[in-house]
$ cat entry-v7.tsv   # TSV, C-alpha atoms
chain	number	residue	atom	x	y	z
A	958	MET	CA	12.53	-42.18	51.88
A	959	ALA	CA	8.89	-42.09	50.76
A	960	THR	CA	8.18	-41.76	47.04
A	961	PRO	CA	7.52	-38.09	46.30
A	962	ALA	CA	3.96	-37.18	45.30
A	963	PRO	CA	3.10	-36.79	41.63
A	964	ILE	CA	2.93	-33.41	39.95
A	965	GLU	CA	-0.71	-32.54	39.33
A	966	PHE	CA	-0.85	-31.10	35.82
A	967	TRP	CA	-4.16	-29.25	35.41
A	968	PHE	CA	-5.02	-28.09	31.91
A	969	ASP	CA	-7.70	-27.43	29.33
A	970	PHE	CA	-7.16	-29.31	26.07
A	971	SER	CA	-7.87	-26.08	24.20
A	972	SER	CA	-5.00	-24.19	25.86
A	973	PRO	CA	-1.91	-23.44	23.73
A	974	TYR	CA	0.33	-22.97	26.76
A	975	ALA	CA	-0.82	-26.38	28.00
A	976	TYR	CA	0.18	-27.81	24.62
A	977	PHE	CA	3.71	-26.54	25.20
A	978	ALA	CA	3.71	-27.91	28.73
A	979	SER	CA	2.46	-31.31	27.50
A	980	HIS	CA	5.70	-31.68	25.59
A	981	SER	CA	7.99	-31.18	28.56
A	982	ILE	CA	6.11	-32.10	31.74
A	983	ALA	CA	7.09	-35.78	31.63
A	984	ALA	CA	10.79	-34.90	31.48
A	985	VAL	CA	10.48	-32.29	34.23
A	986	ALA	CA	8.72	-34.81	36.47
A	987	ALA	CA	11.17	-37.64	35.72
A	988	GLU	CA	14.08	-35.38	36.62
A	989	ALA	CA	12.47	-34.81	40.02
A	990	GLY	CA	11.69	-38.50	40.46
A	991	ARG	CA	7.96	-37.85	40.29
A	992	ALA	CA	5.02	-39.06	38.24
A	993	VAL	CA	2.59	-36.78	36.42
A	994	ARG	CA	-1.12	-36.78	37.22
A	995	TRP	CA	-2.77	-35.46	34.04
A	996	ARG	CA	-5.84	-33.48	35.04
A	997	PRO	CA	-7.96	-31.97	32.26
A	998	PHE	CA	-10.70	-29.63	33.44
A	999	MET	CA	-13.08	-27.11	31.91
A	1000	LEU	CA	-11.25	-23.78	32.04
A	1001	GLY	CA	-14.47	-21.93	31.17
A	1002	ALA	CA	-15.77	-22.71	34.65
A	1003	ALA	CA	-12.71	-21.02	36.16
A	1004	PHE	CA	-13.15	-18.03	33.86
A	1005	LYS	CA	-16.67	-17.63	35.23
A	1006	ALA	CA	-15.22	-17.45	38.73
A	1007	THR	CA	-12.40	-15.01	37.93
A	1008	GLY	CA	-13.98	-12.92	35.18
A	1009	MET	CA	-11.06	-13.77	32.88
A	1010	ARG	CA	-11.53	-14.65	29.20
A	1011	PRO	CA	-9.81	-16.87	26.64
A	1012	LEU	CA	-6.57	-15.17	25.55
A	1013	THR	CA	-7.44	-14.91	21.87
A	1014	LEU	CA	-10.67	-13.13	22.80
A	1015	THR	CA	-8.87	-10.58	25.02
A	1016	PRO	CA	-7.91	-7.35	23.21
A	1017	ILE	CA	-4.17	-6.54	23.00
A	1018	ARG	CA	-3.24	-9.50	25.20
A	1019	GLY	CA	-4.54	-11.85	22.50
A	1020	ASP	CA	-2.14	-10.38	19.93
A	1021	TYR	CA	0.72	-10.80	22.38
A	1022	ALA	CA	-0.26	-14.42	23.04
A	1023	ARG	CA	-0.29	-15.29	19.32
A	1024	ARG	CA	3.18	-13.83	18.92
A	1025	ASP	CA	4.35	-15.57	22.06
A	1026	TRP	CA	3.10	-19.01	20.95
A	1027	ALA	CA	4.84	-18.62	17.60
A	1028	ARG	CA	8.18	-17.77	19.21
A	1029	LEU	CA	7.86	-20.56	21.82
A	1030	ALA	CA	7.22	-23.02	18.99
A	1031	ARG	CA	10.37	-21.81	17.23
A	1032	LEU	CA	12.36	-21.97	20.46
A	1033	MET	CA	11.19	-25.50	21.29
A	1034	ASP	CA	11.23	-26.57	17.64
A	1035	LEU	CA	7.59	-27.70	17.73
A	1036	PRO	CA	5.20	-27.66	14.77
A	1037	PHE	CA	2.60	-25.53	16.56
A	1038	ARG	CA	-0.09	-23.78	14.48
A	1039	LEU	CA	-3.12	-22.09	16.02
A	1040	PRO	CA	-6.14	-23.80	14.41
A	1041	ALA	CA	-8.72	-21.65	12.62
A	1042	ARG	CA	-11.34	-22.90	15.06
A	1043	HIS	CA	-9.88	-21.83	18.37
A	1044	PRO	CA	-10.61	-21.93	21.25
A	1045	TYR	CA	-12.84	-24.98	21.30
A	1046	THR	CA	-14.91	-26.48	24.07
A	1047	ALA	CA	-12.96	-29.56	25.07
A	1048	LEU	CA	-15.80	-31.48	26.67
A	1049	ALA	CA	-15.67	-34.62	24.54
A	1050	VAL	CA	-11.91	-35.02	24.70
A	1051	SER	CA	-11.79	-34.40	28.45
A	1052	ARG	CA	-14.50	-36.98	29.09
A	1053	ALA	CA	-12.72	-39.46	26.83
A	1054	PHE	CA	-9.53	-38.88	28.80
A	1055	TYR	CA	-11.17	-39.74	32.12
A	1056	TRP	CA	-12.81	-42.87	30.73
A	1057	ILE	CA	-9.46	-44.04	29.40
A	1058	GLU	CA	-7.82	-43.19	32.71
A	1059	GLN	CA	-10.33	-45.41	34.51
A	1060	ALA	CA	-10.34	-48.28	32.02
A	1061	MET	CA	-6.72	-48.36	30.87
A	1062	PRO	CA	-4.75	-45.84	32.92
A	1063	GLU	CA	-1.42	-46.51	31.23
A	1064	ARG	CA	-2.86	-45.21	27.93
A	1065	ALA	CA	-4.26	-41.96	29.31
A	1066	PRO	CA	-1.12	-39.75	29.08
A	1067	GLY	CA	-0.48	-40.93	25.51
A	1068	PHE	CA	-4.04	-40.07	24.58
A	1069	ALA	CA	-3.69	-36.62	26.12
A	1070	ARG	CA	-0.48	-35.93	24.22
A	1071	ALA	CA	-2.08	-37.15	21.00
A	1072	ALA	CA	-5.07	-34.83	21.55
A	1073	PHE	CA	-2.76	-31.83	21.96
A	1074	ARG	CA	-0.83	-32.75	18.83
A	1075	ALA	CA	-3.97	-33.42	16.77
A	1076	HIS	CA	-5.37	-29.98	17.56
A	1077	PHE	CA	-2.26	-27.81	17.66
A	1078	GLU	CA	-0.09	-29.53	15.08
A	1079	ASP	CA	-2.59	-31.03	12.63
A	1080	GLY	CA	-5.39	-28.48	13.14
A	1081	ARG	CA	-7.95	-31.17	13.87
A	1082	ASP	CA	-11.31	-30.20	15.29
A	1083	LEU	CA	-11.87	-32.20	18.47
A	1084	THR	CA	-15.26	-30.77	19.33
A	1085	GLY	CA	-17.22	-33.84	18.25
A	1086	ALA	CA	-17.37	-37.32	19.76
A	1087	ALA	CA	-16.52	-39.06	16.47
A	1088	ALA	CA	-13.20	-37.23	16.04
A	1089	VAL	CA	-12.30	-37.92	19.66
A	1090	ALA	CA	-13.21	-41.61	19.42
A	1091	GLU	CA	-11.01	-41.95	16.34
A	1092	LEU	CA	-8.14	-40.32	18.19
A	1093	ALA	CA	-8.68	-42.68	21.13
A	1094	GLU	CA	-8.55	-45.69	18.82
A	1095	ALA	CA	-5.16	-44.56	17.51
A	1096	ALA	CA	-4.00	-44.25	21.13
A	1097	GLY	CA	-5.02	-47.85	21.85
A	1098	ALA	CA	-8.48	-47.35	23.35
A	1099	PRO	CA	-11.62	-48.88	21.74
A	1100	SER	CA	-13.40	-46.12	19.81
A	1101	ASP	CA	-16.91	-47.52	20.36
A	1102	ARG	CA	-16.54	-47.62	24.12
A	1103	VAL	CA	-14.97	-44.16	24.16
A	1104	ALA	CA	-17.82	-42.77	22.03
A	1105	ALA	CA	-20.33	-44.26	24.46
A	1106	ALA	CA	-18.40	-42.95	27.47
A	1107	ILE	CA	-18.49	-39.39	26.11
A	1108	GLU	CA	-22.29	-39.50	26.44
A	1109	SER	CA	-22.42	-41.43	29.70
A	1110	PRO	CA	-23.84	-39.63	32.77
A	1111	ALA	CA	-21.14	-41.17	34.98
A	1112	ILE	CA	-18.28	-39.74	32.93
A	1113	LYS	CA	-20.00	-36.38	32.55
A	1114	GLU	CA	-20.33	-36.27	36.33
A	1115	HIS	CA	-16.71	-37.38	36.73
A	1116	LEU	CA	-15.47	-34.44	34.64
A	1117	ARG	CA	-17.71	-32.02	36.54
A	1118	ARG	CA	-16.18	-33.26	39.77
A	1119	ARG	CA	-12.66	-32.83	38.45
A	1120	THR	CA	-13.50	-29.26	37.42
A	1121	ASP	CA	-14.98	-28.57	40.86
A	1122	GLU	CA	-11.84	-30.02	42.38
A	1123	ALA	CA	-9.70	-27.71	40.26
A	1124	LEU	CA	-11.60	-24.64	41.43
A	1125	ALA	CA	-11.52	-25.83	45.05
A	1126	LYS	CA	-7.73	-26.12	44.75
A	1127	GLY	CA	-7.43	-22.59	43.39
A	1128	VAL	CA	-6.72	-23.56	39.79
A	1129	PHE	CA	-7.73	-20.60	37.60
A	1130	GLY	CA	-5.62	-21.00	34.45
A	1131	SER	CA	-4.01	-23.53	32.15
A	1132	PRO	CA	-1.52	-25.04	32.54
A	1133	PHE	CA	-1.51	-25.06	36.31
A	1134	PHE	CA	0.73	-27.32	38.39
A	1135	ILE	CA	0.42	-28.40	41.99
A	1136	VAL	CA	3.27	-30.19	43.69
A	1137	ASP	CA	3.19	-31.05	47.39
A	1138	GLY	CA	0.33	-28.57	47.70
A	1139	GLU	CA	2.28	-25.71	46.12
A	1140	PRO	CA	0.61	-24.06	43.09
A	1141	PHE	CA	2.41	-22.89	39.93
A	1142	TRP	CA	0.45	-21.16	37.21
A	1143	GLY	CA	1.63	-21.06	33.63
A	1144	TRP	CA	4.09	-22.58	31.25
A	1145	ASP	CA	6.63	-19.95	32.31
A	1146	ARG	CA	6.53	-21.15	35.90
A	1147	MET	CA	7.85	-24.62	35.18
A	1148	ALA	CA	11.40	-23.42	35.85
A	1149	LEU	CA	10.41	-22.11	39.28
A	1150	MET	CA	8.58	-25.38	40.01
A	1151	ARG	CA	11.76	-27.32	39.20
A	1152	GLN	CA	13.67	-25.15	41.60
A	1153	TRP	CA	10.96	-25.68	44.24
A	1154	MET	CA	11.19	-29.47	43.86
A	1155	ASP	CA	15.01	-29.46	43.87
A	1156	ARG	CA	15.16	-27.47	47.08
A	1157	GLY	CA	12.09	-28.97	48.71
A	1158	GLY	CA	10.54	-25.51	48.88
A	1159	TRP	CA	11.94	-22.38	50.51
B	485	MET	CA	29.12	-2.59	16.27
B	486	ALA	CA	26.32	-0.20	17.15
B	487	THR	CA	25.35	0.12	20.80
B	488	PRO	CA	22.35	-2.14	21.41
B	489	ALA	CA	19.04	-0.39	22.16
B	490	PRO	CA	17.94	0.00	25.76
B	491	ILE	CA	15.43	-2.34	27.36
B	492	GLU	CA	12.12	-0.53	27.72
B	493	PHE	CA	10.83	-1.41	31.20
B	494	TRP	CA	7.12	-0.54	31.35
B	495	PHE	CA	5.49	-0.73	34.75
B	496	ASP	CA	2.92	0.65	37.15
B	497	PHE	CA	4.38	1.75	40.48
B	498	SER	CA	1.57	-0.11	42.23
B	499	SER	CA	2.51	-3.48	40.70
B	500	PRO	CA	4.15	-6.06	43.01
B	501	TYR	CA	5.67	-8.00	40.10
B	502	ALA	CA	7.19	-4.73	38.87
B	503	TYR	CA	8.68	-4.27	42.35
B	504	PHE	CA	10.46	-7.60	41.95
B	505	ALA	CA	11.61	-6.66	38.46
B	506	SER	CA	12.90	-3.29	39.69
B	507	HIS	CA	15.42	-5.16	41.81
B	508	SER	CA	16.96	-7.14	38.97
B	509	ILE	CA	16.37	-5.26	35.71
B	510	ALA	CA	19.57	-3.21	35.96
B	511	ALA	CA	21.70	-6.35	36.34
B	512	VAL	CA	19.89	-8.13	33.50
B	513	ALA	CA	20.42	-5.14	31.22
B	514	ALA	CA	24.07	-4.68	32.18
B	515	GLU	CA	24.76	-8.33	31.42
B	516	ALA	CA	23.40	-7.75	27.91
B	517	GLY	CA	25.36	-4.50	27.52
B	518	ARG	CA	22.15	-2.47	27.44
B	519	ALA	CA	20.67	0.46	29.32
B	520	VAL	CA	17.23	0.44	30.93
B	521	ARG	CA	14.55	2.94	29.91
B	522	TRP	CA	12.23	3.14	32.94
B	523	ARG	CA	8.71	3.73	31.70
B	524	PRO	CA	5.97	4.10	34.32
B	525	PHE	CA	2.44	4.20	32.93
B	526	MET	CA	-1.11	3.97	34.25
B	527	LEU	CA	-1.99	0.29	34.15
B	528	GLY	CA	-5.66	1.10	34.78
B	529	ALA	CA	-5.88	2.48	31.24
B	530	ALA	CA	-4.66	-0.87	29.87
B	531	PHE	CA	-7.16	-2.71	32.09
B	532	LYS	CA	-9.93	-0.68	30.48
B	533	ALA	CA	-8.77	-1.87	27.07
B	534	THR	CA	-8.38	-5.56	27.99
B	535	GLY	CA	-11.11	-5.98	30.59
B	536	MET	CA	-8.53	-7.25	33.10
B	537	ARG	CA	-8.50	-6.19	36.75
B	538	PRO	CA	-5.91	-5.66	39.47
B	539	LEU	CA	-4.73	-9.07	40.71
B	540	THR	CA	-5.77	-8.60	44.32
B	541	LEU	CA	-9.31	-7.76	43.16
B	542	THR	CA	-9.56	-10.91	40.99
B	543	PRO	CA	-11.14	-13.90	42.77
B	544	ILE	CA	-8.94	-17.01	43.18
B	545	ARG	CA	-6.14	-15.51	41.13
B	546	GLY	CA	-5.67	-12.83	43.79
B	547	ASP	CA	-5.03	-15.47	46.46
B	548	TYR	CA	-2.50	-17.14	44.21
B	549	ALA	CA	-0.75	-13.83	43.59
B	550	ARG	CA	-0.41	-13.08	47.30
B	551	ARG	CA	1.13	-16.48	47.90
B	552	ASP	CA	3.37	-16.06	44.86
B	553	TRP	CA	4.68	-12.66	45.98
B	554	ALA	CA	5.51	-14.04	49.41
B	555	ARG	CA	7.49	-16.95	48.00
B	556	LEU	CA	9.29	-14.74	45.44
B	557	ALA	CA	10.30	-12.42	48.28
B	558	ARG	CA	11.70	-15.39	50.21
B	559	LEU	CA	13.48	-16.70	47.10
B	560	MET	CA	15.04	-13.32	46.30
B	561	ASP	CA	15.56	-12.45	49.96
B	562	LEU	CA	13.66	-9.18	49.66
B	563	PRO	CA	11.67	-7.54	52.48
B	564	PHE	CA	8.43	-7.40	50.48
B	565	ARG	CA	5.14	-6.81	52.34
B	566	LEU	CA	1.87	-6.07	50.59
B	567	PRO	CA	0.70	-2.73	52.03
B	568	ALA	CA	-2.75	-2.52	53.63
B	569	ARG	CA	-3.69	0.11	51.07
B	570	HIS	CA	-3.13	-1.75	47.83
B	571	PRO	CA	-3.44	-1.26	44.91
B	572	TYR	CA	-3.02	2.50	44.80
B	573	THR	CA	-3.36	4.94	41.94
B	574	ALA	CA	0.22	5.86	41.14
B	575	LEU	CA	-0.48	9.17	39.39
B	576	ALA	CA	1.60	11.45	41.62
B	577	VAL	CA	4.65	9.21	41.69
B	578	SER	CA	4.55	8.58	37.94
B	579	ARG	CA	4.32	12.30	37.21
B	580	ALA	CA	7.17	12.99	39.62
B	581	PHE	CA	9.24	10.36	37.84
B	582	TYR	CA	8.83	12.03	34.45
B	583	TRP	CA	9.63	15.46	35.81
B	584	ILE	CA	12.83	14.10	37.36
B	585	GLU	CA	13.65	12.31	34.14
B	586	GLN	CA	13.41	15.59	32.25
B	587	ALA	CA	15.17	17.78	34.81
B	588	MET	CA	17.82	15.41	36.18
B	589	PRO	CA	17.71	12.18	34.18
B	590	GLU	CA	20.51	10.48	36.11
B	591	ARG	CA	18.36	10.57	39.27
B	592	ALA	CA	15.22	9.06	37.73
B	593	PRO	CA	16.05	5.33	38.10
B	594	GLY	CA	17.09	5.83	41.72
B	595	PHE	CA	13.83	7.64	42.42
B	596	ALA	CA	11.85	4.81	40.80
B	597	ARG	CA	13.62	2.19	42.89
B	598	ALA	CA	13.07	4.25	46.03
B	599	ALA	CA	9.35	4.52	45.25
B	600	PHE	CA	9.05	0.74	44.92
B	601	ARG	CA	10.91	0.21	48.19
B	602	ALA	CA	8.91	2.86	50.05
B	603	HIS	CA	5.60	1.25	49.09
B	604	PHE	CA	6.45	-2.45	49.14
B	605	GLU	CA	9.06	-2.59	51.89
B	606	ASP	CA	8.07	0.27	54.20
B	607	GLY	CA	4.33	0.25	53.48
B	608	ARG	CA	4.30	3.96	52.65
B	609	ASP	CA	1.25	5.47	51.01
B	610	LEU	CA	2.40	7.24	47.84
B	611	THR	CA	-1.00	8.46	46.74
B	612	GLY	CA	-0.45	12.06	47.76
B	613	ALA	CA	1.88	14.71	46.34
B	614	ALA	CA	3.46	15.49	49.72
B	615	ALA	CA	4.65	11.93	50.30
B	616	VAL	CA	6.00	11.74	46.78
B	617	ALA	CA	7.81	15.07	47.03
B	618	GLU	CA	9.46	13.92	50.26
B	619	LEU	CA	10.58	10.74	48.55
B	620	ALA	CA	11.96	12.78	45.64
B	621	GLU	CA	13.94	14.98	48.03
B	622	ALA	CA	15.59	11.88	49.50
B	623	ALA	CA	16.47	10.79	45.96
B	624	GLY	CA	18.19	14.11	45.29
B	625	ALA	CA	15.37	16.04	43.56
B	626	PRO	CA	14.03	19.33	45.02
B	627	SER	CA	10.73	18.54	46.75
B	628	ASP	CA	9.11	21.92	46.02
B	629	ARG	CA	9.69	21.65	42.30
B	630	VAL	CA	8.51	18.03	42.28
B	631	ALA	CA	5.35	18.98	44.18
B	632	ALA	CA	4.66	21.73	41.64
B	633	ALA	CA	5.37	19.39	38.72
B	634	ILE	CA	2.82	16.85	39.99
B	635	GLU	CA	0.13	19.48	39.43
B	636	SER	CA	1.51	20.92	36.22
B	637	PRO	CA	-0.55	20.47	33.03
B	638	ALA	CA	2.61	19.74	31.01
B	639	ILE	CA	3.64	16.80	33.21
B	640	LYS	CA	0.08	15.49	33.39
B	641	GLU	CA	0.00	15.53	29.61
B	642	HIS	CA	3.43	13.90	29.45
B	643	LEU	CA	2.25	10.95	31.55
B	644	ARG	CA	-0.92	10.63	29.45
B	645	ARG	CA	1.23	10.44	26.34
B	646	ARG	CA	3.46	7.76	27.86
B	647	THR	CA	0.37	5.73	28.77
B	648	ASP	CA	-0.97	6.13	25.23
B	649	GLU	CA	2.43	5.06	23.93
B	650	ALA	CA	2.31	1.94	26.12
B	651	LEU	CA	-1.10	0.94	24.77
B	652	ALA	CA	-0.01	1.66	21.20
B	653	LYS	CA	2.96	-0.66	21.73
B	654	GLY	CA	0.72	-3.44	23.02
B	655	VAL	CA	1.68	-3.12	26.69
B	656	PHE	CA	-1.19	-4.57	28.74
B	657	GLY	CA	0.42	-5.63	32.01
B	658	SER	CA	3.17	-4.80	34.48
B	659	PRO	CA	6.05	-5.36	34.28
B	660	PHE	CA	6.31	-5.44	30.51
B	661	PHE	CA	9.60	-5.33	28.64
B	662	ILE	CA	10.32	-4.40	25.04
B	663	VAL	CA	13.73	-5.05	23.56
B	664	ASP	CA	14.49	-4.45	19.87
B	665	GLY	CA	10.72	-4.36	19.33
B	666	GLU	CA	10.15	-7.75	20.98
B	667	PRO	CA	7.61	-7.78	23.86
B	668	PHE	CA	7.95	-9.77	27.09
B	669	TRP	CA	5.16	-9.65	29.65
B	670	GLY	CA	5.74	-10.45	33.28
B	671	TRP	CA	8.45	-10.93	35.83
B	672	ASP	CA	8.60	-14.60	34.88
B	673	ARG	CA	9.56	-13.75	31.32
B	674	MET	CA	12.82	-12.05	32.21
B	675	ALA	CA	14.67	-15.34	31.72
B	676	LEU	CA	13.27	-15.73	28.21
B	677	MET	CA	14.17	-12.10	27.44
B	678	ARG	CA	17.78	-12.78	28.50
B	679	GLN	CA	17.85	-15.73	26.16
B	680	TRP	CA	16.40	-13.58	23.37
B	681	MET	CA	19.09	-10.93	23.87
B	682	ASP	CA	21.89	-13.51	24.09
B	683	ARG	CA	20.85	-15.15	20.85
B	684	GLY	CA	19.70	-12.01	19.06
B	685	GLY	CA	16.25	-13.51	18.72
B	686	TRP	CA	15.27	-16.81	17.13

$ encode --input "entry-v7.tsv" --output "structure tokens"
Amino acid sequence: MATPAPIEFWFDFSSPYAYFASHSIAAVAAEAGRAVRWRPFMLGAAFKATGMRPLTLTPIRGDYARRDWARLARLMDLPFRLPARHPYTALAVSRAFYWIEQAMPERAPGFARAAFRAHFEDGRDLTGAAAVAELAEAAGAPSDRVAAAIESPAIKEHLRRRTDEALAKGVFGSPFFIVDGEPFWGWDRMALMRQWMDRGGW
Amino acid sequence: MATPAPIEFWFDFSSPYAYFASHSIAAVAAEAGRAVRWRPFMLGAAFKATGMRPLTLTPIRGDYARRDWARLARLMDLPFRLPARHPYTALAVSRAFYWIEQAMPERAPGFARAAFRAHFEDGRDLTGAAAVAELAEAAGAPSDRVAAAIESPAIKEHLRRRTDEALAKGVFGSPFFIVDGEPFWGWDRMALMRQWMDRGGW
């Protein structure tokens, strides 16, 4: 039997629901005998296409989301706190991720998890290159090269292409999973995705 | 022990995800020893407040929704088909529901289920009073009185008040459940709601 394809895990580093997914996606994939392809992209570009807005900036729905995140954190026993500065534009951290993925791919998932924790558990501001480079260093990637990569035209272009790819694949939210071509939007669809993988679709 | 409060099931009759929920909400409630309070409202009023739009009119996300409905129908073995005329403004059917609820409350849930089936299984257009009155007759409510109620100022006002109540309670989508004051948005949150009821919250 051929090795099953990885789960594509599309997300914006500024997305609380992606934070929750980042804690469980590896286990979900392992259970299905699959790898995870971590795929940060700029959700703002998708919002432009759909006319949607960040949850916390959407009336009524934003209040629901805050309540929902708090109860998911309690349920999953995670130290989630919505940072004062939220949402943020996750350009630097997304570019850093793709440089690390190219240069030392085995460190990329750890860096992504660390970025989610830094923002949503420790309230760290990851808008700037310096904060991101420091985070990369702690995840085993050289901070000076990461800082340079964040400003490099090649990496900027790489992230733009990933974001274009997301839109071309119909990704409009975060987290968003694609497995064997089948799309699943949202943290709350991970259960259905498991069922889909178990049964090989239906 | 006091009888637990009913599950408030807020929905728009034109909502495909509410159609799916209408098939399972009674069983979910019964399992938790609760009744269901069926609460149609005009989702368009919530869209005005949040800036959201009907799914099928939202780029990219609309395509995902169509695919999602088709696979949910296969999963649940339901004869769902998105009608050509969709979404529709479910004013007449929502008013009819509330008249039936007042006049013969035991028939109201059956009428609501029949309305979902008529639109999403048989492709019937429920925009007009005549079609709705006919549907009511089949559900055991006198069609002439239902037709009159659809145009009555008291029932129009009643539906407006229910819609205001929905917004005041933070309902912004369909289906939307409230149990013991706790809100759950979306078909895909029914599993979490079950868990919440089982554990009495967390």

$ closest_atom_pairs --input "entry-v7.tsv" --of "chain A" --to "chain B" --cutoff "9 Å" --atoms "all atoms listed in the file" --output "tab-separated table"
residue	atom	partner	partner_atom	distance
A:Ala1003	CA	B:Ile544	CA	8.9
A:Ala1006	CA	B:Pro543	CA	6.8
A:Thr1007	CA	B:Pro543	CA	5.1
A:Gly1008	CA	B:Thr542	CA	7.6
A:Met1009	CA	B:Met536	CA	7.0
A:Arg1010	CA	B:Gly535	CA	8.8
A:Thr1015	CA	B:Thr534	CA	5.9
A:Pro1016	CA	B:Thr534	CA	5.1
A:Ile1017	CA	B:Gly654	CA	5.8
A:Arg1018	CA	B:Phe656	CA	6.4
A:Asp1020	CA	B:Gly654	CA	8.1
A:Tyr1021	CA	B:Gly654	CA	7.4
A:Arg1024	CA	B:Pro667	CA	9.0
A:Asp1025	CA	B:Phe668	CA	8.5
A:Arg1028	CA	B:Trp686	CA	7.5
A:Arg1031	CA	B:Trp686	CA	7.0
A:Leu1032	CA	B:Trp686	CA	6.8
A:Leu1124	CA	B:Ile544	CA	8.3
A:Gly1127	CA	B:Ile544	CA	5.8
A:Val1128	CA	B:Ile544	CA	7.7
A:Phe1129	CA	B:Arg545	CA	6.4
A:Gly1130	CA	B:Arg545	CA	8.7
A:Pro1140	CA	B:Tyr548	CA	7.7
A:Phe1141	CA	B:Asp552	CA	8.5
A:Trp1142	CA	B:Tyr548	CA	8.6
A:Asp1145	CA	B:Asp672	CA	6.3
A:Arg1146	CA	B:Asp672	CA	6.9
A:Leu1149	CA	B:Asp672	CA	8.9
A:Trp1159	CA	B:Leu559	CA	6.8

$ closest_residue --input "entry-v7.tsv" --among "B:Ala486, B:Met526, B:Ala516, B:Ala638" --to "Pro659 (chain B)" --atoms "all atoms listed in the file"
B:Met526

$ atom_distance --input "entry-v7.tsv" --atom1 "CA of Arg1102 (chain A)" --atom2 "CA of Ala1088 (chain A)"
13.6 Å

$ atom_distance --input "entry-v7.tsv" --atom1 "CA of Ser498 (chain B)" --atom2 "CA of Leu643 (chain B)"
15.4 Å

$ residues_near_point --input "entry-v7.tsv" --point "(-3.0, -32.2, 23.2)" --cutoff "8 Å" --atoms "all atoms listed in the file" --output "compact mmCIF listing (two decimals) with C-alpha atoms, keeping the file's coordinate frame"
# COMPACT_ATOMS: atom_id res chain seq x y z
CA PHE A 970 -7.16 -29.31 26.07
CA SER A 971 -7.87 -26.08 24.20
CA ALA A 975 -0.82 -26.38 28.00
CA TYR A 976 0.18 -27.81 24.62
CA SER A 979 2.46 -31.31 27.50
CA ALA A 1069 -3.69 -36.62 26.12
CA ARG A 1070 -0.48 -35.93 24.22
CA ALA A 1071 -2.08 -37.15 21.00
CA ALA A 1072 -5.07 -34.83 21.55
CA PHE A 1073 -2.76 -31.83 21.96
CA ARG A 1074 -0.83 -32.75 18.83
CA ALA A 1075 -3.97 -33.42 16.77
CA HIS A 1076 -5.37 -29.98 17.56
CA PHE A 1077 -2.26 -27.81 17.66

$ closest_residue --input "entry-v7.tsv" --among "B:Ala511, B:Thr611, B:Phe595, B:Val663" --to "Met681 (chain B)" --atoms "all atoms listed in the file"
B:Val663

$ residues_around --input "entry-v7.tsv" --residues "Thr1120 (chain A)" --least-positions-apart "3" --cutoff "6 Å" --atoms "all atoms listed in the file" --output "PyMOL selection string"
chain A and resi 998-999+1117+1123

$ atom_distance --input "entry-v7.tsv" --atom1 "CA of Arg569 (chain B)" --atom2 "CA of Phe495 (chain B)"
18.7 Å

$ axis_aligned_box --input "entry-v7.tsv" --around "region 639-651 of chain B" --padding-each-side "4 Å" --output "AutoDock Vina command-line options"
--center_x 1.3 --center_y 8.9 --center_z 28.7 --size_x 12.7 --size_y 23.9 --size_z 17.5

$ closest_residue --input "entry-v7.tsv" --among "A:Pro1099, A:Ser1109, A:Leu1000, A:Glu965" --to "Ala983 (chain A)" --atoms "only C-alpha atoms"
A:Glu965

$ closest_residue --input "entry-v7.tsv" --among "B:Ala613, B:Ile491, B:Met674, B:Ala574" --to "Val630 (chain B)" --atoms "all atoms listed in the file"
B:Ala613

$ residues_around --input "entry-v7.tsv" --residues "Glu585 (chain B)" --least-positions-apart "5" --cutoff "12 Å" --atoms "all atoms listed in the file" --output "list in words"
Arg521, Trp522, Arg523, Pro524, Ser578, Arg579, Ala580, Glu590, Arg591, Ala592, Pro593, Gly594, Phe595, Ala596, Ala620, Ala625, Val630, Ala633, Ile639, His642 and Leu643 of chain B

$ closest_residue --input "entry-v7.tsv" --among "A:Gly1097, A:Gly1080, A:Arg1119, A:Ala1027" --to "Ala1060 (chain A)" --atoms "only C-alpha atoms"
A:Gly1097

$ closest_residue --input "entry-v7.tsv" --among "B:Ala568, B:Glu649, B:Phe493, B:Arg678" --to "Glu605 (chain B)" --atoms "all atoms listed in the file"
B:Ala568
